[in-house]
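Pasting protein_0.tsv here (TSV, C-alpha atoms and all ligand atoms):
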chain	number	residue	atom	x	y	z
A	1	MET	CA	0.00	0.00	0.00
A	2	PRO	CA	1.45	3.40	-0.92
A	3	LEU	CA	2.27	5.93	1.78
A	4	ILE	CA	0.54	8.70	-0.16
A	5	GLU	CA	-2.09	8.44	-2.85
A	6	THR	CA	-3.92	11.44	-4.28
A	7	ARG	CA	-6.79	11.04	-6.72
A	8	ARG	CA	-8.17	13.80	-8.96
A	9	LEU	CA	-7.00	16.26	-6.35
A	10	LYS	CA	-8.29	19.78	-6.90
A	11	LYS	CA	-7.91	22.97	-4.94
A	12	ASN	CA	-9.44	26.36	-5.67
A	13	TYR	CA	-8.81	29.42	-3.55
A	14	GLN	CA	-11.49	32.05	-3.14
A	15	LEU	CA	-10.00	35.45	-3.90
A	16	GLY	CA	-12.73	38.06	-3.53
A	17	LYS	CA	-15.35	36.89	-5.98
A	18	ALA	CA	-12.92	34.95	-8.11
A	19	LEU	CA	-11.91	31.32	-7.75
A	20	VAL	CA	-8.21	30.73	-8.27
A	21	PRO	CA	-7.54	27.15	-9.41
A	22	ALA	CA	-4.29	26.04	-7.75
A	23	LEU	CA	-4.53	22.28	-8.39
A	24	ARG	CA	-6.54	20.98	-11.32
A	25	GLY	CA	-6.63	17.21	-10.79
A	26	VAL	CA	-3.45	15.70	-9.43
A	27	ASP	CA	-2.93	11.95	-9.28
A	28	LEU	CA	0.19	11.08	-7.37
A	29	ILE	CA	1.39	7.91	-5.66
A	30	VAL	CA	4.36	7.95	-3.32
A	31	GLU	CA	5.61	4.68	-1.89
A	32	GLU	CA	7.08	4.36	1.57
A	33	GLY	CA	10.78	5.22	1.60
A	34	GLU	CA	10.74	7.34	-1.56
A	35	PHE	CA	12.54	10.65	-2.01
A	36	VAL	CA	10.46	12.85	-4.28
A	37	ALA	CA	11.02	16.34	-5.61
A	38	VAL	CA	8.02	18.43	-6.66
A	39	TRP	CA	9.28	21.17	-8.93
A	40	GLY	CA	7.82	23.85	-11.09
A	41	PRO	CA	7.62	27.61	-11.40
A	42	SER	CA	6.25	29.90	-8.73
A	43	GLY	CA	2.46	29.64	-8.65
A	44	SER	CA	2.36	26.13	-10.17
A	45	GLY	CA	0.75	24.66	-7.04
A	46	LYS	CA	3.69	23.13	-5.18
A	47	SER	CA	2.89	24.61	-1.76
A	48	THR	CA	-0.77	23.82	-2.21
A	49	LEU	CA	-0.02	20.17	-2.99
A	50	LEU	CA	2.35	19.86	-0.03
A	51	ASN	CA	-0.11	21.57	2.32
A	52	LEU	CA	-2.89	19.20	1.26
A	53	ILE	CA	-0.70	16.12	1.69
A	54	GLY	CA	0.49	17.51	5.02
A	55	THR	CA	-3.14	17.90	6.15
A	56	ILE	CA	-2.58	21.62	6.77
A	57	ASP	CA	-5.27	22.46	4.22
A	58	THR	CA	-8.17	20.53	2.70
A	59	PRO	CA	-8.92	19.85	-0.98
A	60	SER	CA	-11.83	21.35	-2.92
A	61	SER	CA	-12.43	17.90	-4.40
A	62	GLY	CA	-10.68	14.58	-4.87
A	63	ASN	CA	-8.98	12.52	-2.19
A	64	ILE	CA	-5.78	11.87	-0.41
A	65	SER	CA	-4.96	8.66	1.40
A	66	LEU	CA	-2.10	8.26	3.82
A	67	LYS	CA	-1.23	4.60	4.43
A	68	GLY	CA	-4.56	3.67	2.91
A	69	ARG	CA	-6.64	5.92	5.13
A	70	ASP	CA	-8.70	8.53	3.31
A	71	LEU	CA	-8.13	11.93	4.92
A	72	ASN	CA	-11.74	12.88	4.20
A	73	GLU	CA	-12.72	10.48	6.99
A	74	PHE	CA	-10.86	12.41	9.69
A	75	ASP	CA	-12.21	15.36	11.66
A	76	ASP	CA	-9.94	18.25	12.67
A	77	ASN	CA	-8.76	16.53	15.85
A	78	GLY	CA	-8.07	13.33	13.97
A	79	LEU	CA	-6.08	15.23	11.36
A	80	SER	CA	-3.97	17.07	13.90
A	81	GLU	CA	-3.25	13.83	15.73
A	82	LEU	CA	-2.25	12.17	12.47
A	83	ARG	CA	-0.08	15.17	11.59
A	84	ASN	CA	1.67	15.22	14.97
A	85	GLN	CA	2.34	11.50	14.89
A	86	SER	CA	3.38	10.92	11.31
A	87	ILE	CA	4.51	14.09	9.55
A	88	GLY	CA	7.50	16.36	10.04
A	89	PHE	CA	7.68	19.77	8.34
A	90	VAL	CA	10.56	21.85	7.02
A	91	PHE	CA	9.95	25.38	5.78
A	92	GLN	CA	11.86	27.80	3.61
A	93	SER	CA	12.14	30.35	6.44
A	94	PHE	CA	13.26	27.66	8.95
A	95	ASN	CA	10.60	28.66	11.54
A	96	LEU	CA	12.87	28.16	14.54
A	97	VAL	CA	12.07	29.69	17.91
A	98	PRO	CA	14.58	32.57	18.19
A	99	VAL	CA	14.96	32.52	21.99
A	100	PHE	CA	15.63	28.78	22.07
A	101	ASN	CA	18.98	27.27	21.28
A	102	ALA	CA	19.39	24.51	18.69
A	103	LEU	CA	18.89	21.71	21.21
A	104	GLU	CA	15.77	23.31	22.70
A	105	ASN	CA	14.31	23.86	19.23
A	106	VAL	CA	14.73	20.20	18.38
A	107	MET	CA	13.35	19.10	21.78
A	108	LEU	CA	10.19	21.12	21.31
A	109	PRO	CA	8.02	18.63	19.35
A	110	LEU	CA	8.86	15.92	21.90
A	111	GLN	CA	7.98	18.13	24.84
A	112	ILE	CA	4.70	19.05	23.19
A	113	LYS	CA	4.05	15.31	22.91
A	114	GLY	CA	4.68	14.97	26.63
A	115	ASP	CA	8.12	13.34	26.65
A	116	LYS	CA	10.20	13.91	29.77
A	117	ALA	CA	12.95	16.52	29.43
A	118	GLY	CA	15.76	14.01	29.83
A	119	SER	CA	14.56	11.71	27.11
A	120	ALA	CA	13.69	14.64	24.83
A	121	ARG	CA	17.17	16.07	25.31
A	122	GLU	CA	18.78	12.75	24.47
A	123	LYS	CA	16.77	12.25	21.26
A	124	ALA	CA	17.30	15.87	20.20
A	125	ALA	CA	21.06	15.60	20.77
A	126	GLN	CA	21.16	12.46	18.67
A	127	ARG	CA	19.31	14.14	15.79
A	128	LEU	CA	21.48	17.25	15.89
A	129	THR	CA	24.55	15.05	15.78
A	130	GLN	CA	23.08	13.17	12.84
A	131	VAL	CA	22.72	16.43	10.86
A	132	GLY	CA	26.29	17.46	11.66
A	133	LEU	CA	25.64	19.96	14.43
A	134	SER	CA	27.12	18.23	17.46
A	135	ASP	CA	29.13	21.37	18.28
A	136	PHE	CA	26.18	23.74	18.06
A	137	PHE	CA	23.66	22.55	20.66
A	138	ALA	CA	23.81	25.81	22.62
A	139	HIS	CA	23.65	28.15	19.62
A	140	ARG	CA	20.57	30.24	19.06
A	141	PRO	CA	19.31	30.54	15.49
A	142	ASP	CA	20.74	34.05	15.05
A	143	SER	CA	24.24	32.72	15.62
A	144	LEU	CA	23.85	29.99	12.99
A	145	SER	CA	24.22	30.21	9.20
A	146	GLY	CA	21.20	29.61	6.95
A	147	GLY	CA	22.36	26.10	6.16
A	148	GLN	CA	22.88	25.33	9.85
A	149	ARG	CA	19.43	26.69	10.69
A	150	GLN	CA	17.91	24.42	8.08
A	151	ARG	CA	19.81	21.48	9.57
A	152	VAL	CA	18.27	22.29	12.94
A	153	ALA	CA	14.85	22.40	11.30
A	154	ILE	CA	15.48	19.02	9.65
A	155	ALA	CA	16.56	17.54	12.98
A	156	ARG	CA	13.38	18.94	14.53
A	157	ALA	CA	11.23	17.46	11.74
A	158	LEU	CA	12.75	14.02	12.31
A	159	VAL	CA	12.91	13.93	16.08
A	160	THR	CA	9.44	12.39	16.47
A	161	ASP	CA	10.29	9.62	13.95
A	162	PRO	CA	7.62	10.60	11.40
A	163	SER	CA	6.81	8.36	8.41
A	164	LEU	CA	6.90	11.40	6.15
A	165	VAL	CA	8.89	14.64	6.01
A	166	ILE	CA	7.45	17.45	3.92
A	167	ALA	CA	9.84	20.25	3.00
A	168	ASP	CA	8.35	23.22	1.15
A	169	GLU	CA	11.11	25.07	-0.71
A	170	PRO	CA	13.66	24.18	1.98
A	171	THR	CA	16.47	25.79	-0.01
A	172	ALA	CA	14.75	28.98	-1.17
A	173	ASN	CA	16.75	31.12	1.28
A	174	LEU	CA	20.09	29.37	0.78
A	175	ASP	CA	22.93	29.85	-1.69
A	176	SER	CA	23.35	27.20	-4.36
A	177	GLN	CA	26.22	25.34	-2.66
A	178	THR	CA	24.34	25.18	0.66
A	179	SER	CA	21.14	24.21	-1.15
A	180	ALA	CA	22.87	21.22	-2.73
A	181	GLU	CA	24.22	20.21	0.70
A	182	ILE	CA	20.76	20.36	2.26
A	183	ILE	CA	19.27	18.17	-0.48
A	184	GLU	CA	22.16	15.75	-0.05
A	185	LEU	CA	21.61	15.64	3.71
A	186	MET	CA	17.91	14.89	3.23
A	187	GLN	CA	18.79	12.13	0.77
A	188	LYS	CA	21.24	10.60	3.22
A	189	LEU	CA	18.64	10.68	6.01
A	190	ASN	CA	16.10	9.15	3.63
A	191	GLN	CA	18.47	6.28	2.86
A	192	ASP	CA	19.60	5.74	6.44
A	193	GLN	CA	16.21	5.38	7.99
A	194	LYS	CA	13.59	4.82	5.34
A	195	THR	CA	11.71	8.01	6.15
A	196	THR	CA	9.84	9.22	3.08
A	197	PHE	CA	10.75	12.73	1.95
A	198	ILE	CA	8.83	15.00	-0.35
A	199	PHE	CA	10.26	18.44	-1.05
A	200	SER	CA	9.44	21.26	-3.41
A	201	THR	CA	11.71	23.57	-5.35
A	202	HIS	CA	11.59	25.94	-8.28
A	203	ASP	CA	15.29	25.27	-8.90
A	204	GLN	CA	15.84	22.63	-11.57
A	205	ARG	CA	19.56	22.49	-10.78
A	206	LEU	CA	18.76	20.70	-7.52
A	207	LEU	CA	17.20	17.76	-9.35
A	208	ASN	CA	20.22	16.22	-10.98
A	209	ARG	CA	20.77	13.63	-8.26
A	210	VAL	CA	17.18	13.19	-7.17
A	211	LYS	CA	15.71	9.84	-8.22
A	212	ARG	CA	12.17	10.97	-8.80
A	213	SER	CA	10.86	14.38	-9.71
A	214	VAL	CA	7.31	15.42	-10.36
A	215	ARG	CA	6.93	18.56	-12.41
A	216	LEU	CA	3.92	20.77	-11.78
A	217	ILE	CA	2.77	23.36	-14.27
A	218	ASP	CA	-0.35	25.37	-13.70
A	219	GLY	CA	-1.78	22.96	-11.13
A	220	ARG	CA	-1.20	19.79	-13.13
A	221	ILE	CA	1.51	17.15	-13.24
A	222	ALA	CA	3.29	17.91	-16.48
A	223	GLN	CA	6.15	15.48	-16.37
A	224	GLU	CA	7.53	12.71	-14.20
A	225	GLU	CA	11.15	11.68	-14.27
A	226	VAL	CA	12.49	8.60	-12.55
A	227	TYR	CA	16.26	8.08	-12.71
B	1	LIG	P1	3.82	27.43	-5.66
B	1	LIG	O1	4.07	26.84	-4.33
B	1	LIG	O2	4.17	26.53	-6.80
B	1	LIG	O3	4.41	28.79	-5.81
B	1	LIG	P2	1.12	27.82	-4.71
B	1	LIG	O4	0.55	26.51	-4.35
B	1	LIG	O5	1.62	28.71	-3.63
B	1	LIG	O6	2.23	27.60	-5.82
B	1	LIG	O7	0.03	28.64	-5.52
B	1	LIG	C1	-0.72	28.09	-6.61
B	1	LIG	C2	-1.72	29.14	-7.08
B	1	LIG	O8	-2.68	29.37	-6.04
B	1	LIG	C3	-1.12	30.50	-7.40
B	1	LIG	O9	-1.87	31.03	-8.45
B	1	LIG	C4	-1.32	31.26	-6.10
B	1	LIG	O10	-1.38	32.64	-6.34
B	1	LIG	C5	-2.66	30.72	-5.65
B	1	LIG	N1	-2.81	30.77	-4.19
B	1	LIG	C6	-2.06	30.13	-3.27
B	1	LIG	N2	-2.49	30.37	-2.03
B	1	LIG	C7	-3.57	31.19	-2.17
B	1	LIG	C8	-4.45	31.78	-1.25
B	1	LIG	N3	-4.35	31.59	0.07
B	1	LIG	N4	-5.45	32.58	-1.75
B	1	LIG	C9	-5.57	32.76	-3.07
B	1	LIG	N5	-4.76	32.22	-3.99
B	1	LIG	C10	-3.77	31.44	-3.56
B	2	LIG	P1	5.41	29.73	-1.63
B	2	LIG	O1	5.02	29.51	-3.05
B	2	LIG	O2	6.85	29.87	-1.45
B	2	LIG	O3	4.77	28.79	-0.68
B	2	LIG	P2	3.80	32.09	-1.74
B	2	LIG	O4	4.45	33.42	-1.71
B	2	LIG	O5	3.22	31.55	-2.99
B	2	LIG	O6	4.89	31.13	-1.14
B	2	LIG	O7	2.67	32.03	-0.63
B	2	LIG	C1	2.87	32.47	0.69
B	2	LIG	C2	1.52	32.50	1.40
B	2	LIG	O8	0.62	33.39	0.71
B	2	LIG	C3	0.81	31.16	1.42
B	2	LIG	O9	0.15	31.03	2.66
B	2	LIG	C4	-0.17	31.21	0.29
B	2	LIG	O10	-1.29	30.40	0.56
B	2	LIG	C5	-0.54	32.68	0.27
B	2	LIG	N1	-0.83	33.14	-1.11
B	2	LIG	C6	-0.15	32.84	-2.23
B	2	LIG	N2	-0.72	33.42	-3.29
B	2	LIG	C7	-1.77	34.13	-2.83
B	2	LIG	C8	-2.74	34.94	-3.43
B	2	LIG	N3	-2.79	35.15	-4.75
B	2	LIG	N4	-3.68	35.51	-2.64
B	2	LIG	C9	-3.65	35.29	-1.34
B	2	LIG	N5	-2.78	34.53	-0.70
B	2	LIG	C10	-1.83	33.95	-1.43
With the file now loaded, output its structure as structure tokens.
Ligand code: ADP
Ligand code: ADP
Amino acid sequence: MPLIETRRLKKNYQLGKALVPALRGVDLIVEEGEFVAVWGPSGSGKSTLLNLIGTIDTPSSGNISLKGRDLNEFDDNGLSELRNQSIGFVFQSFNLVPVFNALENVMLPLQIKGDKAGSAREKAAQRLTQVGLSDFFAHRPDSLSGGQRQRVAIARALVTDPSLVIADEPTANLDSQTSAEIIELMQKLNQDQKTTFIFSTHDQRLLNRVKRSVRLIDGRIAQEEVY
């Protein structure tokens, strides 16, 4: 059974009196353990697709199943529980808490879940080490580079052991060298622990070593490449 399956997925936004079609019927299957890039120009629907799969927003029509369960069958509480248990998020602007250091930022999802501080600290330390930041536990975001901040955010996304990590334009605020390193890091984490990753980008140069890329144009899948 696939991890993600979307069928005839459509999303329209209401903008004043106008309806803006953002997704016009997307059929996408992602198997467990895959590493998938969603790419396309600005406005092609990448964020919308990732937000729908991440249960942050709901479709206008069509369905999404995660591990065979149709999201339409969940109420808001059910969706937020599912989200907290199985999905980690990475954002283009990192979304770290500025007054917390790196370790505290990564501990946060565990503490929200109710883990004890000691166990949360241990898991967070392990994740930060895994992303190459063992020397930066006590650094606040403003004393870290963009690439280091995104590593903290990736550690935070993984610390609850989600089945799926969704990264919406994770490299949009990074230079090209750092962007390539972040994609490489996510690929390594994907291989090491079988977590499924789906990330979006408008930068085609980041795709050359990505196994599977789904190209969106104007709310539709225009092209699929599997290497
Ligand atoms: P991308 O992530 O590829 O840039 P988006 O999913 O953000 O694309 O946007 C797809 C389309 O939907 C665009 O035309 C965008 O302007 C529109 N859109 C996105 N969010 C909203 C919103 N909240 N209200 C109205 N239109 C939106
Ligand atoms: P990205 O494509 O990087 O996700 P955007 O700049 O497209 O970022 O969107 C940022 C936010 O603005 C999102 O919450 C999106 O839903 C909203 N948005 C995008 N386009 C529109 C629009 N035309 N009208 C209103 N809100 C929009």
Give me, as a PDB file with C-alpha atoms, in the frame of the given file, the set of residues whose atoms come within 10 Å of any atom of ligand LIG 1 (chain B), counting all atoms listed in the file.
ATOM      1  CA  LYS A  11      -7.910  22.970  -4.940  1.00  0.00           C
ATOM      2  CA  ASN A  12      -9.440  26.360  -5.670  1.00  0.00           C
ATOM      3  CA  TYR A  13      -8.810  29.420  -3.550  1.00  0.00           C
ATOM      4  CA  GLN A  14     -11.490  32.050  -3.140  1.00  0.00           C
ATOM      5  CA  LEU A  15     -10.000  35.450  -3.900  1.00  0.00           C
ATOM      6  CA  GLY A  16     -12.730  38.060  -3.530  1.00  0.00           C
ATOM      7  CA  ALA A  18     -12.920  34.950  -8.110  1.00  0.00           C
ATOM      8  CA  LEU A  19     -11.910  31.320  -7.750  1.00  0.00           C
ATOM      9  CA  VAL A  20      -8.210  30.730  -8.270  1.00  0.00           C
ATOM     10  CA  PRO A  21      -7.540  27.150  -9.410  1.00  0.00           C
ATOM     11  CA  ALA A  22      -4.290  26.040  -7.750  1.00  0.00           C
ATOM     12  CA  LEU A  23      -4.530  22.280  -8.390  1.00  0.00           C
ATOM     13  CA  VAL A  38       8.020  18.430  -6.660  1.00  0.00           C
ATOM     14  CA  TRP A  39       9.280  21.170  -8.930  1.00  0.00           C
ATOM     15  CA  GLY A  40       7.820  23.850 -11.090  1.00  0.00           C
ATOM     16  CA  PRO A  41       7.620  27.610 -11.400  1.00  0.00           C
ATOM     17  CA  SER A  42       6.250  29.900  -8.730  1.00  0.00           C
ATOM     18  CA  GLY A  43       2.460  29.640  -8.650  1.00  0.00           C
ATOM     19  CA  SER A  44       2.360  26.130 -10.170  1.00  0.00           C
ATOM     20  CA  GLY A  45       0.750  24.660  -7.040  1.00  0.00           C
ATOM     21  CA  LYS A  46       3.690  23.130  -5.180  1.00  0.00           C
ATOM     22  CA  SER A  47       2.890  24.610  -1.760  1.00  0.00           C
ATOM     23  CA  THR A  48      -0.770  23.820  -2.210  1.00  0.00           C
ATOM     24  CA  LEU A  49      -0.020  20.170  -2.990  1.00  0.00           C
ATOM     25  CA  LEU A  50       2.350  19.860  -0.030  1.00  0.00           C
ATOM     26  CA  ASN A  51      -0.110  21.570   2.320  1.00  0.00           C
ATOM     27  CA  LEU A  52      -2.890  19.200   1.260  1.00  0.00           C
ATOM     28  CA  ASP A 168       8.350  23.220   1.150  1.00  0.00           C
ATOM     29  CA  GLU A 169      11.110  25.070  -0.710  1.00  0.00           C
ATOM     30  CA  SER A 200       9.440  21.260  -3.410  1.00  0.00           C
ATOM     31  CA  THR A 201      11.710  23.570  -5.350  1.00  0.00           C
ATOM     32  CA  HIS A 202      11.590  25.940  -8.280  1.00  0.00           C
ATOM     33  CA  LEU A 216       3.920  20.770 -11.780  1.00  0.00           C
ATOM     34  CA  ILE A 217       2.770  23.360 -14.270  1.00  0.00           C
ATOM     35  CA  ASP A 218      -0.350  25.370 -13.700  1.00  0.00           C
ATOM     36  CA  GLY A 219      -1.780  22.960 -11.130  1.00  0.00           C
TER      37      GLY A 219
END
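Atom CA of Leu164 of chain A to atom CA of Ser143 of chain A spans 29.1 Å [interatomic distance, one decimal].
With only C-alpha atoms as the atoms that count, the minimum distance from Gly146 of chain A to the choices A:Ala167, A:Leu66, A:Ala172, A:Val226 is reached by A:Ala172.
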Measuring atom to atom with all atoms listed in the file, identify which of A:Asp57, A:Asp142, A:Glu225, A:Glu5 is nearest to Ser80 of chain A.
A:Asp57
Residues within 10 Å of Leu128 of chain A, only C-alpha atoms, excluding chain neighbours under 2 positions, as a list in words:
Ala102, Leu103, Val106, Lys123, Ala124, Ala125, Gln126, Gln130, Val131, Gly132, Leu133, Ser134, Asp135, Phe136, Phe137, Arg151, Val152, Ala153, Ile154, Ala155, Arg156, Leu158 and Val159 of chain A
What does the file look like for those residues with C-alpha atoms, as a PDB file, in the coordinates of the input?
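Result written to out.pdb:
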ATOM      1  CA  ALA A 102      19.390  24.510  18.690  1.00  0.00           C
ATOM      2  CA  LEU A 103      18.890  21.710  21.210  1.00  0.00           C
ATOM      3  CA  VAL A 106      14.730  20.200  18.380  1.00  0.00           C
ATOM      4  CA  LYS A 123      16.770  12.250  21.260  1.00  0.00           C
ATOM      5  CA  ALA A 124      17.300  15.870  20.200  1.00  0.00           C
ATOM      6  CA  ALA A 125      21.060  15.600  20.770  1.00  0.00           C
ATOM      7  CA  GLN A 126      21.160  12.460  18.670  1.00  0.00           C
ATOM      8  CA  GLN A 130      23.080  13.170  12.840  1.00  0.00           C
ATOM      9  CA  VAL A 131      22.720  16.430  10.860  1.00  0.00           C
ATOM     10  CA  GLY A 132      26.290  17.460  11.660  1.00  0.00           C
ATOM     11  CA  LEU A 133      25.640  19.960  14.430  1.00  0.00           C
ATOM     12  CA  SER A 134      27.120  18.230  17.460  1.00  0.00           C
ATOM     13  CA  ASP A 135      29.130  21.370  18.280  1.00  0.00           C
ATOM     14  CA  PHE A 136      26.180  23.740  18.060  1.00  0.00           C
ATOM     15  CA  PHE A 137      23.660  22.550  20.660  1.00  0.00           C
ATOM     16  CA  ARG A 151      19.810  21.480   9.570  1.00  0.00           C
ATOM     17  CA  VAL A 152      18.270  22.290  12.940  1.00  0.00           C
ATOM     18  CA  ALA A 153      14.850  22.400  11.300  1.00  0.00           C
ATOM     19  CA  ILE A 154      15.480  19.020   9.650  1.00  0.00           C
ATOM     20  CA  ALA A 155      16.560  17.540  12.980  1.00  0.00           C
ATOM     21  CA  ARG A 156      13.380  18.940  14.530  1.00  0.00           C
ATOM     22  CA  LEU A 158      12.750  14.020  12.310  1.00  0.00           C
ATOM     23  CA  VAL A 159      12.910  13.930  16.080  1.00  0.00           C
TER      24      VAL A 159
END
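Interatomic distance, atom O5 of ligand LIG 2 (chain B) against atom CA of Val97 of chain A: 22.8 Å.
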Would you work out the distance separating atom CA of Thr6 of chain A from atom CA of Gly25 of chain A, expressed in Å to one decimal?
9.1 Å
Spatial neighbours of Gln85 of chain A, max dist 12 Å, only C-alpha atoms, sep filter under 3 positions, as a list in words:
Gly54, Gly78, Leu79, Ser80, Glu81, Leu82, Gly88, Phe89, Pro109, Leu110, Ile112, Lys113, Ala157, Leu158, Val159, Thr160, Asp161, Pro162, Ser163, Leu164 and Val165 of chain A
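With all atoms listed in the file as the atoms that count, the minimum distance from ligand LIG 2 (chain B) to the choices A:Asn173, A:Gln187, A:Ile221, A:Ile182 is reached by A:Asn173.
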For a quick check of understanding, using all atoms listed in the file, which of A:Val26, A:Val90, A:Ala222, A:Ala37 has the smallest distance to Ile64 of chain A?
A:Val26
A:Gly68, A:Pro170, A:Gly62, A:Gly33: which is nearest ligand LIG 2 (chain B), counting all atoms listed in the file?
A:Pro170
Which is closer to ligand LIG 2 (chain B) than all the others in A:Leu96, A:Met1, A:Ile56, A:Ala180, using all atoms listed in the file?
A:Ile56
Where's the centre, and what are the edge lengths in Å to one decimal, of a box along x, y and z enclosing all listed atoms of segment 76-79 of chain A padded 8 Å per side, as lines of an AutoDock Vina configuration file?
center_x = -8.0
center_y = 15.8
center_z = 13.6
size_x = 19.9
size_y = 20.9
size_z = 20.5
Any chance you could build segment 154-177 of chain A out to N, CA and C atoms and write it as a compact mmCIF listing (two decimals), in the coordinates of the input?
# COMPACT_ATOMS: atom_id res chain seq x y z
N ILE A 154 15.59 20.41 10.11
CA ILE A 154 15.48 19.02 9.65
C ILE A 154 15.56 18.07 10.84
N ALA A 155 16.47 18.36 11.76
CA ALA A 155 16.56 17.54 12.98
C ALA A 155 15.23 17.60 13.74
N ARG A 156 14.66 18.79 13.83
CA ARG A 156 13.38 18.94 14.53
C ARG A 156 12.26 18.16 13.82
N ALA A 157 12.28 18.19 12.48
CA ALA A 157 11.23 17.46 11.74
C ALA A 157 11.33 15.96 11.97
N LEU A 158 12.55 15.47 12.20
CA LEU A 158 12.75 14.02 12.31
C LEU A 158 12.67 13.49 13.73
N VAL A 159 12.68 14.39 14.71
CA VAL A 159 12.91 13.93 16.08
C VAL A 159 11.76 13.07 16.62
N THR A 160 10.57 13.22 16.03
CA THR A 160 9.44 12.39 16.47
C THR A 160 9.31 11.10 15.64
N ASP A 161 10.32 10.82 14.81
CA ASP A 161 10.29 9.62 13.95
C ASP A 161 9.05 9.57 13.06
N PRO A 162 8.80 10.61 12.26
CA PRO A 162 7.62 10.60 11.40
C PRO A 162 7.80 9.63 10.23
N SER A 163 6.69 9.19 9.63
CA SER A 163 6.81 8.36 8.41
C SER A 163 7.15 9.24 7.22
N LEU A 164 6.79 10.52 7.31
CA LEU A 164 6.90 11.40 6.15
C LEU A 164 7.46 12.75 6.59
N VAL A 165 8.43 13.26 5.82
CA VAL A 165 8.89 14.64 6.01
C VAL A 165 8.52 15.44 4.78
N ILE A 166 7.86 16.56 5.00
CA ILE A 166 7.45 17.45 3.92
C ILE A 166 8.26 18.74 4.03
N ALA A 167 8.97 19.06 2.98
CA ALA A 167 9.84 20.25 3.00
C ALA A 167 9.44 21.17 1.84
N ASP A 168 8.83 22.29 2.18
CA ASP A 168 8.35 23.22 1.15
C ASP A 168 9.42 24.26 0.86
N GLU A 169 10.02 24.16 -0.30
CA GLU A 169 11.11 25.07 -0.71
C GLU A 169 12.18 25.22 0.38
N PRO A 170 12.72 24.09 0.85
CA PRO A 170 13.66 24.18 1.98
C PRO A 170 14.94 24.95 1.64
N THR A 171 15.22 25.14 0.37
CA THR A 171 16.47 25.79 -0.01
C THR A 171 16.26 27.19 -0.58
N ALA A 172 15.04 27.69 -0.50
CA ALA A 172 14.75 28.98 -1.17
C ALA A 172 15.58 30.13 -0.59
N ASN A 173 15.98 30.03 0.68
CA ASN A 173 16.75 31.12 1.28
C ASN A 173 18.23 30.79 1.43
N LEU A 174 18.70 29.81 0.65
CA LEU A 174 20.09 29.37 0.78
C LEU A 174 20.83 29.55 -0.54
N ASP A 175 22.15 29.75 -0.45
CA ASP A 175 22.93 29.85 -1.69
C ASP A 175 23.00 28.48 -2.36
N SER A 176 23.50 28.44 -3.59
CA SER A 176 23.35 27.20 -4.36
C SER A 176 24.20 26.07 -3.77
N GLN A 177 25.38 26.37 -3.28
CA GLN A 177 26.22 25.34 -2.66
C GLN A 177 25.52 24.75 -1.42
